[in-house]
Amino acid sequence: MLIITCPYCGPREQSEFHYGGEAHIARPADPQALTDGQWAEFVFMRSNVKGVFAERWNHSSGCRKWFNALRDTSTDRFLAVYEMGAKPPQIDAPELRTPAGEPLIGSGNDETKVMTEAEMTEAEMTEDLGGGS
Amino acid sequence: MTAKRYSLLSLFREGLNGHKGWQPAWRAAEPKRRYDAVIIGGGGHGCATAYYLAKEHGLTNIAVIEKGWIGGGNAGRNTTIIRSNYLYDESAAIYDHAMQLWKGLGRELNFNIMMSHRGVLNLAHDDNEMRQLKRRVEANQLNGVDAEWLDAKQVKEYCPIISISPDVRYPVLGATLQRSGGVNRHDAVVWGYARAASALGVDFIEKCEVTGIEIENGKVTGVRTTKGDIKTGKLASVTAGHSSVTAKMAGIRLPIESHPLQALVSEPLKPIHNCVVMSNAVHAYCSQSDKGELVIGAGIDPHISYTQRGAFSILEEEIAALLELFPIFSRLRLMRHWGGIVDVCPDASAIISKTPVAGFYINGGWGTGGWKATPGSGHVFADLIANDKPNDIAAPFTLERFETGKLVAEHGAAAVAH
Ligand SMILES: Cc1cc2nc3c(=O)[nH]c(=O)nc-3n(C[C@H](O)[C@H](O)[C@H](O)COP(=O)(O)OP(=O)(O)OC[C@H]3O[C@@H](n4cnc5c(N)ncnc54)[C@H](O)[C@@H]3O)c2cc1C
Ligand SMILES: [Zn+2]
């Protein structure tokens with residue numbers, strides 16, 4: 001279960017939230033002018049990033065406000081939360097070791113693990129889980 | 001290179017020999033500098049693709065490149081439910097193609113895949129669902145897919161431990177039954193394909209990640225890997241949850257999102273559950289493995305992730321759903337749970353397609369339900385790679401359908417159900 005820091009209420013369990021998917025997908029300014037290819041891009045294509053990903057959450061069983069978050073989808077660590085309408089903040093997250101690196105547990109290939117067990121523990125000890133940063 | 005045949009005699013002989021004479025099922029290979037085709041991803045679909053490329057198209061100078069170990073992805077994490085009772089003609093064609101191949105696969109691969117056609121029930125819990133499922137039965141029958149409708153009493157006869165009590169929140173009103181549906185042993189399928197393909201000359205390169213794709217003048221020329229560069233003119237991505245990551249290496253965006261999907265097993269029991277039961281409305285499905293464990297699953301976690309882990313609350317809900325269907329399981333202990341990363345497409349159908357990059361092919365987007373398609377998917381994908389042209393079964397599953405709008409919308413048949 002993820003612990004998600006609502007910028008308005010503080011850290012709460014994931015089950016209080018509703019997921020809103022990829023953030024910052026701009027609605028077409030002039031829909032009439034779009035080609036089929038551009039519609040496909042807007043409606044269907046997604047970046048589905050492995051690594052730092054901007055996404056939307058709604059604190060549906062709490063304050064009911066929407067907000068954005070930056071989360072590393074290769075480790076599930078939240079790196080920042082920020083308001084709807086705002087641009088993603090600058091963060092210095094480490095690059096993935098390899099583009100498709102192996103997950104933390106259950107890996108058959110230690111050389112391409114996204115993060116070692118020790119690095120994960122260290123990150124959890126040092127990071128400010130209060131979010132909002 | 002030919003593998004020793006597995007047989008009762010070889011088992012007997014090895015029994016006397018203290019089981020010291022068994023050979024590895026496939027050769028561990030180091031990458032050559034050049035292949036006629038390279039397959040990224042050694043899951044079920046990747047291994048099947050390699051096997052059919054070698055067997056049916058004579059392409060044997062090929063390699064499967066796997067970042068972990070063969071079958072360590074969704075292939076080794078799924079709940080192995082097999083059926084072909086999808087609504088649309090396009091889906092019926094590919095899933096039933098797979099179903100027909102499953103029937104003879106153990107014999108063909110000389111590997112016991114423990115295929116059990118024990119029947120799959122898809123339950124209906126309200127009038128609307130009942131109408132939809134009955135419509136699906138009719139559609140299936142028109143497509144020659146075996147399907148029948150059971151009322152609640154017949155459901156109880158087919159699956160005696162299910163509760164059809166009318167005084168629960170979602171009573172069982174009836175179900176579709178596909179008798180040829182069932183389960184098999186996931187590892188055995190992958191190992192069987194890898195062994196058979198290896199015997200035909202295919203290289204299986206494990207613990208080797210593809211990190212980049214070389215393209216010149218819009219054409220694939222090779223891949224970069226953690227074990228060096230490899231030249232090839234045909235490159236096929238079969239990376240399931242990582243489909244978007246691999247496609248990005250060729251500058252291609254996909255309509256896929258990757259989600260955790262969890263499953264769990266109970267402590268082993270004596271045989272008690274004789275079929276596969278799935279319910280969209282209460283969101284759970286369950287079968288019993290040959291080891292006696294109940295194999296239980298449900299829907300995806302809502303968020304995008306590559307961690308192979310999900311939220312506990314999802315498991316809690318699926319167990320609540322399961323116990324409404326099977327109150328008899330209420331005292332069972334659960335033994336293990338795990339997650340995989342599934343590649344979900346907006347129309348709940350797969351992508352088996354050429355791409356804007358010549359020589360680069362994608363097979364992905366199978367989401368929560370691609371296991372059942374493994375032989376069919378590998379078979380038609382091999383055909384696409386060999387001929388650079390989709391056959392009739394693969395043709396509807398192009399990437400272009402998201403632009404033309406000709407989607408194969410299978411949410412009703414796919415949903416929670418795998
Ligand atoms: C919990 C769970 C339950 C499921 N239950 C069912 C079910 O009951 N019935 C059903 O039909 N389907 C089910 N599915 C779905 C099914 O498992 C998948 O659709 C199917 O296995 C995907 O194809 P695959 O076997 O080739 O995938 P995988 O086994 O995931 O193969 C993809 C491989 O690509 C490798 N790879 C990725 N990136 C790279 C790279 N850059 N370089 C090298 N290798 C790479 C991965 O390591 C992986 O081994 C379930 C899935 C899960 C997770
Ligand atoms: Zn809040």
# chains A, B, ... in the order shown; residues from 1 in each chain; ligands from 1
call {"tool": "select_by_dssp", "arguments": {"residues": "range 61-130 of chain A", "states": "helix (DSSP H, G or I)", "output": "list in words"}}
result
Asp110, Glu111, Thr112, Glu117, Ala118, Glu119, Met120, Thr121, Glu122, Ala123, Glu124, Met125 and Thr126 of chain A
call {"tool": "residues_around", "arguments": {"residues": "range 201-205 of chain B", "least_positions_apart": "4", "cutoff": "6 Å", "atoms": "only C-alpha atoms", "output": "PyMOL selection string"}}
result
chain B and resi 29+60+62-65+197
call {"tool": "interface_residues", "arguments": {"of": "chain A", "to": "chain B", "cutoff": "7 Å", "atoms": "only C-alpha atoms", "output": "list in words"}}
result
Met1, Leu2, Ser15, Tyr19, Asp36, Gly37, Ala40, Phe44, Met45, Arg46, Ser47, Asn48, Lys50, Thr73, Ser74, Thr75, Asp76, Thr98, Pro99, Ala100, Pro103, Ser107, Gly108 and Asn109 of chain A
call {"tool": "closest_residue", "arguments": {"among": "A:Gly51, A:Pro28, A:Gly62, A:Gly101", "to": "Cys6 in chain A", "atoms": "only C-alpha atoms"}}
result
A:Gly62
call {"tool": "atom_distance", "arguments": {"atom1": "CA of Tyr158 in chain B", "atom2": "CA of Leu123 in chain B"}}
result
12.3 Å
call {"tool": "residues_around", "arguments": {"residues": "Trp22 in chain B", "least_positions_apart": "6", "cutoff": "12 Å", "atoms": "only C-alpha atoms", "output": "PyMOL selection string"}}
result
chain B and resi 3-6+10-11+13-15
call {"tool": "residues_around", "arguments": {"residues": "Ala250 in chain B", "least_positions_apart": "4", "cutoff": "12 Å", "atoms": "only C-alpha atoms", "output": "ChimeraX atom specification"}}
result
/B:210-216,218-224,235-237,243-246,254,355-362
call {"tool": "write_last_selection", "arguments": {"atoms": "N, CA and C atoms", "output": "compact mmCIF listing (two decimals), in the first residue's frame"}}
result
# COMPACT_ATOMS: atom_id res chain seq x y z
N VAL B 210 18.02 -5.57 -23.22
CA VAL B 210 18.11 -4.70 -24.40
C VAL B 210 18.00 -3.27 -23.91
N THR B 211 18.99 -2.46 -24.24
CA THR B 211 19.02 -1.08 -23.72
C THR B 211 18.84 -0.04 -24.81
N GLY B 212 18.89 -0.47 -26.07
CA GLY B 212 18.72 0.51 -27.14
C GLY B 212 18.47 -0.18 -28.46
N ILE B 213 17.90 0.56 -29.39
CA ILE B 213 17.60 0.00 -30.71
C ILE B 213 18.29 0.86 -31.76
N GLU B 214 19.04 0.21 -32.66
CA GLU B 214 19.75 0.94 -33.72
C GLU B 214 18.85 1.05 -34.95
N ILE B 215 18.69 2.27 -35.43
CA ILE B 215 17.85 2.48 -36.61
C ILE B 215 18.63 3.33 -37.62
N GLU B 216 18.63 2.89 -38.88
CA GLU B 216 19.23 3.71 -39.94
C GLU B 216 18.23 3.87 -41.06
N GLY B 218 15.23 4.82 -41.10
CA GLY B 218 13.91 4.29 -40.80
C GLY B 218 13.83 2.78 -40.74
N LYS B 219 15.00 2.12 -40.68
CA LYS B 219 15.02 0.66 -40.67
C LYS B 219 15.86 0.15 -39.51
N VAL B 220 15.38 -0.90 -38.86
CA VAL B 220 16.15 -1.48 -37.75
C VAL B 220 17.44 -2.10 -38.28
N THR B 221 18.55 -1.83 -37.57
CA THR B 221 19.80 -2.48 -37.95
C THR B 221 20.40 -3.31 -36.81
N GLY B 222 19.90 -3.10 -35.60
CA GLY B 222 20.44 -3.88 -34.49
C GLY B 222 19.94 -3.43 -33.14
N VAL B 223 20.43 -4.12 -32.11
CA VAL B 223 20.09 -3.74 -30.73
C VAL B 223 21.36 -3.59 -29.90
N ARG B 224 21.26 -2.71 -28.90
CA ARG B 224 22.30 -2.62 -27.88
C ARG B 224 21.82 -3.40 -26.67
N LEU B 235 13.54 -7.15 -35.69
CA LEU B 235 13.54 -7.05 -34.23
C LEU B 235 12.11 -7.08 -33.74
N ALA B 236 11.85 -7.97 -32.78
CA ALA B 236 10.47 -8.15 -32.30
C ALA B 236 10.40 -7.93 -30.80
N SER B 237 9.61 -6.96 -30.39
CA SER B 237 9.44 -6.69 -28.96
C SER B 237 8.25 -7.47 -28.43
N SER B 243 6.37 -3.04 -22.64
CA SER B 243 6.19 -2.72 -24.06
C SER B 243 6.48 -1.25 -24.37
N SER B 244 5.98 -0.34 -23.52
CA SER B 244 6.19 1.09 -23.79
C SER B 244 7.66 1.47 -23.69
N VAL B 245 8.35 0.82 -22.73
CA VAL B 245 9.77 1.13 -22.53
C VAL B 245 10.57 0.70 -23.76
N THR B 246 10.27 -0.48 -24.28
CA THR B 246 11.00 -0.98 -25.45
C THR B 246 10.64 -0.15 -26.69
N LEU B 254 3.06 4.18 -27.46
CA LEU B 254 2.00 3.18 -27.50
C LEU B 254 0.81 3.62 -26.64
N THR B 355 5.44 -1.57 -37.24
CA THR B 355 5.52 -0.23 -36.67
C THR B 355 6.03 0.73 -37.73
N PRO B 356 6.04 2.03 -37.45
CA PRO B 356 6.61 2.97 -38.43
C PRO B 356 8.09 2.71 -38.71
N VAL B 357 8.78 1.96 -37.85
CA VAL B 357 10.18 1.61 -38.09
C VAL B 357 10.22 0.25 -38.81
N ALA B 358 10.75 0.24 -40.04
CA ALA B 358 10.77 -1.01 -40.81
C ALA B 358 11.60 -2.06 -40.08
N GLY B 359 11.08 -3.27 -40.04
CA GLY B 359 11.79 -4.37 -39.38
C GLY B 359 11.60 -4.42 -37.88
N PHE B 360 10.81 -3.51 -37.33
CA PHE B 360 10.55 -3.53 -35.88
C PHE B 360 9.08 -3.88 -35.66
N TYR B 361 8.85 -4.97 -34.94
CA TYR B 361 7.51 -5.49 -34.73
C TYR B 361 7.18 -5.49 -33.25
N ILE B 362 5.90 -5.26 -32.95
CA ILE B 362 5.49 -5.23 -31.54
C ILE B 362 4.36 -6.22 -31.29
call {"tool": "residues_around", "arguments": {"residues": "Ser61 in chain A", "least_positions_apart": "3", "cutoff": "9 Å", "atoms": "only C-alpha atoms", "output": "PyMOL selection string"}}
result
chain A and resi 15-18+58+64
call {"tool": "write_last_selection", "arguments": {"atoms": "C-alpha atoms", "output": "short mmCIF file (atom, residue, chain, number, x, y, z; two decimals), in the first residue's frame"}}
result
data_model
loop_
_atom_site.label_atom_id
_atom_site.label_comp_id
_atom_site.auth_asym_id
_atom_site.auth_seq_id
_atom_site.Cartn_x
_atom_site.Cartn_y
_atom_site.Cartn_z
CA SER A 15 -7.12 3.54 -0.31
CA GLU A 16 -8.29 7.10 0.49
CA PHE A 17 -7.27 8.23 -2.98
CA HIS A 18 -8.53 7.91 -6.50
CA ASN A 58 -7.73 12.83 -6.01
CA ARG A 64 -11.70 15.62 -2.23
#
call {"tool": "closest_residue", "arguments": {"among": "A:Ala123, A:Leu96, A:Ile105, A:Ala23", "to": "Asn68 in chain A", "atoms": "only C-alpha atoms"}}
result
A:Ala23
call {"tool": "select_by_dssp", "arguments": {"residues": "range 69-115 of chain A", "states": "strand (DSSP E or B)", "output": "NGL selection string"}}
result
:A and (69-72 or 77-83 or 102 or 113)
call {"tool": "write_last_selection", "arguments": {"atoms": "N, CA, C and O atoms", "output": "PDB file, in the first residue's frame"}}
result
ATOM      1  N   ALA A  69       1.445  14.638  -8.635  1.00  0.00           N
ATOM      2  CA  ALA A  69       2.580  14.055  -7.913  1.00  0.00           C
ATOM      3  C   ALA A  69       3.646  13.629  -8.908  1.00  0.00           C
ATOM      4  O   ALA A  69       3.345  13.330 -10.069  1.00  0.00           O
ATOM      5  N   LEU A  70       4.878  13.641  -8.457  1.00  0.00           N
ATOM      6  CA  LEU A  70       5.958  12.990  -9.193  1.00  0.00           C
ATOM      7  C   LEU A  70       6.303  11.728  -8.428  1.00  0.00           C
ATOM      8  O   LEU A  70       6.579  11.784  -7.230  1.00  0.00           O
ATOM      9  N   ARG A  71       6.241  10.593  -9.124  1.00  0.00           N
ATOM     10  CA  ARG A  71       6.543   9.321  -8.474  1.00  0.00           C
ATOM     11  C   ARG A  71       7.479   8.551  -9.379  1.00  0.00           C
ATOM     12  O   ARG A  71       7.372   8.614 -10.603  1.00  0.00           O
ATOM     13  N   ASP A  72       8.399   7.825  -8.789  1.00  0.00           N
ATOM     14  CA  ASP A  72       9.273   6.958  -9.578  1.00  0.00           C
ATOM     15  C   ASP A  72       8.552   5.619  -9.739  1.00  0.00           C
ATOM     16  O   ASP A  72       8.396   4.874  -8.771  1.00  0.00           O
ATOM     17  N   ARG A  77       8.461   5.190  -5.224  1.00  0.00           N
ATOM     18  CA  ARG A  77       8.739   6.290  -4.279  1.00  0.00           C
ATOM     19  C   ARG A  77       8.136   7.593  -4.804  1.00  0.00           C
ATOM     20  O   ARG A  77       8.327   7.955  -5.957  1.00  0.00           O
ATOM     21  N   PHE A  78       7.415   8.298  -3.900  1.00  0.00           N
ATOM     22  CA  PHE A  78       6.924   9.634  -4.246  1.00  0.00           C
ATOM     23  C   PHE A  78       8.059  10.630  -4.085  1.00  0.00           C
ATOM     24  O   PHE A  78       8.783  10.608  -3.097  1.00  0.00           O
ATOM     25  N   LEU A  79       8.234  11.506  -5.081  1.00  0.00           N
ATOM     26  CA  LEU A  79       9.340  12.449  -5.047  1.00  0.00           C
ATOM     27  C   LEU A  79       8.854  13.867  -4.774  1.00  0.00           C
ATOM     28  O   LEU A  79       9.585  14.690  -4.253  1.00  0.00           O
ATOM     29  N   ALA A  80       7.622  14.159  -5.145  1.00  0.00           N
ATOM     30  CA  ALA A  80       7.065  15.493  -4.888  1.00  0.00           C
ATOM     31  C   ALA A  80       5.569  15.460  -5.094  1.00  0.00           C
ATOM     32  O   ALA A  80       5.049  14.634  -5.848  1.00  0.00           O
ATOM     33  N   VAL A  81       4.843  16.353  -4.395  1.00  0.00           N
ATOM     34  CA  VAL A  81       3.434  16.598  -4.732  1.00  0.00           C
ATOM     35  C   VAL A  81       3.285  18.089  -4.991  1.00  0.00           C
ATOM     36  O   VAL A  81       4.005  18.895  -4.406  1.00  0.00           O
ATOM     37  N   TYR A  82       2.401  18.441  -5.909  1.00  0.00           N
ATOM     38  CA  TYR A  82       2.227  19.862  -6.241  1.00  0.00           C
ATOM     39  C   TYR A  82       0.820  20.111  -6.758  1.00  0.00           C
ATOM     40  O   TYR A  82       0.103  19.176  -7.127  1.00  0.00           O
ATOM     41  N   GLU A  83       0.431  21.380  -6.772  1.00  0.00           N
ATOM     42  CA  GLU A  83      -0.957  21.738  -7.073  1.00  0.00           C
ATOM     43  C   GLU A  83      -1.337  21.488  -8.523  1.00  0.00           C
ATOM     44  O   GLU A  83      -0.496  21.569  -9.415  1.00  0.00           O
ATOM     45  N   GLU A 102      15.665  -4.296 -13.662  1.00  0.00           N
ATOM     46  CA  GLU A 102      14.887  -5.271 -12.903  1.00  0.00           C
ATOM     47  C   GLU A 102      14.330  -4.670 -11.625  1.00  0.00           C
ATOM     48  O   GLU A 102      14.939  -3.805 -11.013  1.00  0.00           O
ATOM     49  N   LYS A 113      19.369  -4.156 -11.589  1.00  0.00           N
ATOM     50  CA  LYS A 113      18.345  -3.772 -10.610  1.00  0.00           C
ATOM     51  C   LYS A 113      18.203  -2.255 -10.588  1.00  0.00           C
ATOM     52  O   LYS A 113      19.207  -1.537 -10.623  1.00  0.00           O
TER      53      LYS A 113
END
call {"tool": "residues_around", "arguments": {"residues": "Gly76 in chain B", "least_positions_apart": "6", "cutoff": "12 Å", "atoms": "only C-alpha atoms", "output": "VMD selection string"}}
result
(chain A and resid 106) or (chain B and resid 42 to 45 68 to 70 184 to 191 263 338 to 341 371)
call {"tool": "residues_near_ligand", "arguments": {"ligand": "ligand 2", "cutoff": "7 Å", "atoms": "only C-alpha atoms and all ligand atoms", "output": "compact mmCIF listing (two decimals) with N, CA, C and O atoms, in the first residue's frame"}}
result
# COMPACT_ATOMS: atom_id res chain seq x y z
N CYS A 6 -1.14 13.93 0.74
CA CYS A 6 -2.02 14.96 0.18
C CYS A 6 -1.46 16.31 0.59
O CYS A 6 -1.16 16.53 1.77
N PRO A 7 -1.29 17.23 -0.38
CA PRO A 7 -0.70 18.51 -0.01
C PRO A 7 -1.58 19.30 0.96
O PRO A 7 -1.12 20.25 1.59
N TYR A 8 -2.83 18.89 1.10
CA TYR A 8 -3.75 19.62 1.98
C TYR A 8 -3.97 18.93 3.32
O TYR A 8 -4.26 19.56 4.31
N CYS A 9 -3.85 17.60 3.35
CA CYS A 9 -4.18 16.84 4.55
C CYS A 9 -2.99 16.10 5.16
O CYS A 9 -3.07 15.63 6.29
N GLY A 10 -1.92 15.93 4.40
CA GLY A 10 -0.79 15.16 4.92
C GLY A 10 -0.83 13.71 4.47
O GLY A 10 -1.65 13.34 3.64
N HIS A 59 -7.89 13.13 -3.62
CA HIS A 59 -8.06 12.64 -2.23
C HIS A 59 -9.56 12.42 -1.99
O HIS A 59 -10.19 13.15 -1.22
N GLY A 62 -11.08 12.06 1.43
CA GLY A 62 -10.57 13.05 2.38
C GLY A 62 -11.08 14.42 1.99
O GLY A 62 -12.29 14.64 1.94
N CYS A 63 -10.17 15.30 1.61
CA CYS A 63 -10.56 16.67 1.28
C CYS A 63 -11.19 16.77 -0.11
O CYS A 63 -11.71 17.81 -0.48
N ARG A 64 -11.12 15.71 -0.88
CA ARG A 64 -11.70 15.62 -2.23
C ARG A 64 -11.03 16.54 -3.24
O ARG A 64 -11.59 16.81 -4.29
N LYS A 65 -9.84 17.02 -2.91
CA LYS A 65 -9.14 17.87 -3.88
C LYS A 65 -8.24 17.03 -4.77
O LYS A 65 -7.73 15.99 -4.37
call {"tool": "residues_around", "arguments": {"residues": "Lys406 in chain B", "least_positions_apart": "6", "cutoff": "12 Å", "atoms": "only C-alpha atoms", "output": "tab-separated table (two decimals) with N, CA, C and O atoms, in the first residue's frame"}}
result
chain	number	residue	atom	x	y	z
A	40	ALA	N	-5.56	10.46	-32.09
A	40	ALA	CA	-5.06	9.21	-31.50
A	40	ALA	C	-4.03	9.52	-30.42
A	40	ALA	O	-4.05	8.94	-29.34
B	90	GLU	N	-13.00	-10.92	-34.27
B	90	GLU	CA	-11.53	-10.79	-34.30
B	90	GLU	C	-10.90	-11.52	-33.11
B	90	GLU	O	-9.91	-12.22	-33.25
B	347	ASP	N	-8.62	-0.63	-25.49
B	347	ASP	CA	-9.77	-1.42	-25.93
B	347	ASP	C	-9.70	-2.86	-25.42
B	347	ASP	O	-10.44	-3.73	-25.87
B	349	SER	N	-7.71	-5.12	-25.98
B	349	SER	CA	-7.21	-6.09	-26.96
B	349	SER	C	-5.73	-5.82	-27.22
B	349	SER	O	-5.24	-4.73	-26.96
B	395	ALA	N	-4.27	-9.43	-38.46
B	395	ALA	CA	-4.54	-8.15	-39.13
B	395	ALA	C	-5.35	-7.13	-38.32
B	395	ALA	O	-5.05	-5.94	-38.37
B	396	PRO	N	-6.40	-7.54	-37.57
B	396	PRO	CA	-7.17	-6.52	-36.85
B	396	PRO	C	-6.40	-5.86	-35.70
B	396	PRO	O	-6.83	-4.82	-35.20
B	397	PHE	N	-5.28	-6.46	-35.28
B	397	PHE	CA	-4.63	-6.01	-34.05
B	397	PHE	C	-3.47	-5.05	-34.30
B	397	PHE	O	-2.47	-5.06	-33.59
B	398	THR	N	-3.62	-4.21	-35.32
B	398	THR	CA	-2.56	-3.27	-35.66
B	398	THR	C	-2.54	-2.09	-34.69
B	398	THR	O	-3.53	-1.79	-34.03
B	399	LEU	N	-1.42	-1.41	-34.71
B	399	LEU	CA	-1.28	-0.17	-33.96
B	399	LEU	C	-2.13	0.93	-34.59
B	399	LEU	O	-2.63	1.82	-33.90
B	400	GLU	N	-2.34	0.84	-35.91
B	400	GLU	CA	-3.11	1.89	-36.61
B	400	GLU	C	-4.56	1.97	-36.15
B	400	GLU	O	-5.23	2.96	-36.40
call {"tool": "closest_residue", "arguments": {"among": "B:Trp26, B:Tyr193, B:Tyr51, B:Phe381", "to": "Asn110 in chain B", "atoms": "only C-alpha atoms"}}
result
B:Tyr193
call {"tool": "closest_residue", "arguments": {"among": "B:Tyr86, B:Tyr52, B:Phe326, B:Tyr35", "to": "Asn143 in chain B", "atoms": "only C-alpha atoms"}}
result
B:Tyr86
call {"tool": "closest_residue", "arguments": {"among": "B:Ile272, B:Ala25, B:Val344, B:Val408", "to": "ligand 1", "atoms": "only C-alpha atoms and all ligand atoms"}}
result
B:Val344
call {"tool": "closest_residue", "arguments": {"among": "B:Lys227, B:Lys156, B:Arg33, B:Lys354", "to": "ligand 1", "atoms": "only C-alpha atoms and all ligand atoms"}}
result
B:Lys227
call {"tool": "atom_distance", "arguments": {"atom1": "CA of Leu407 in chain B", "atom2": "CA of Gly251 in chain B"}}
result
23.1 Å
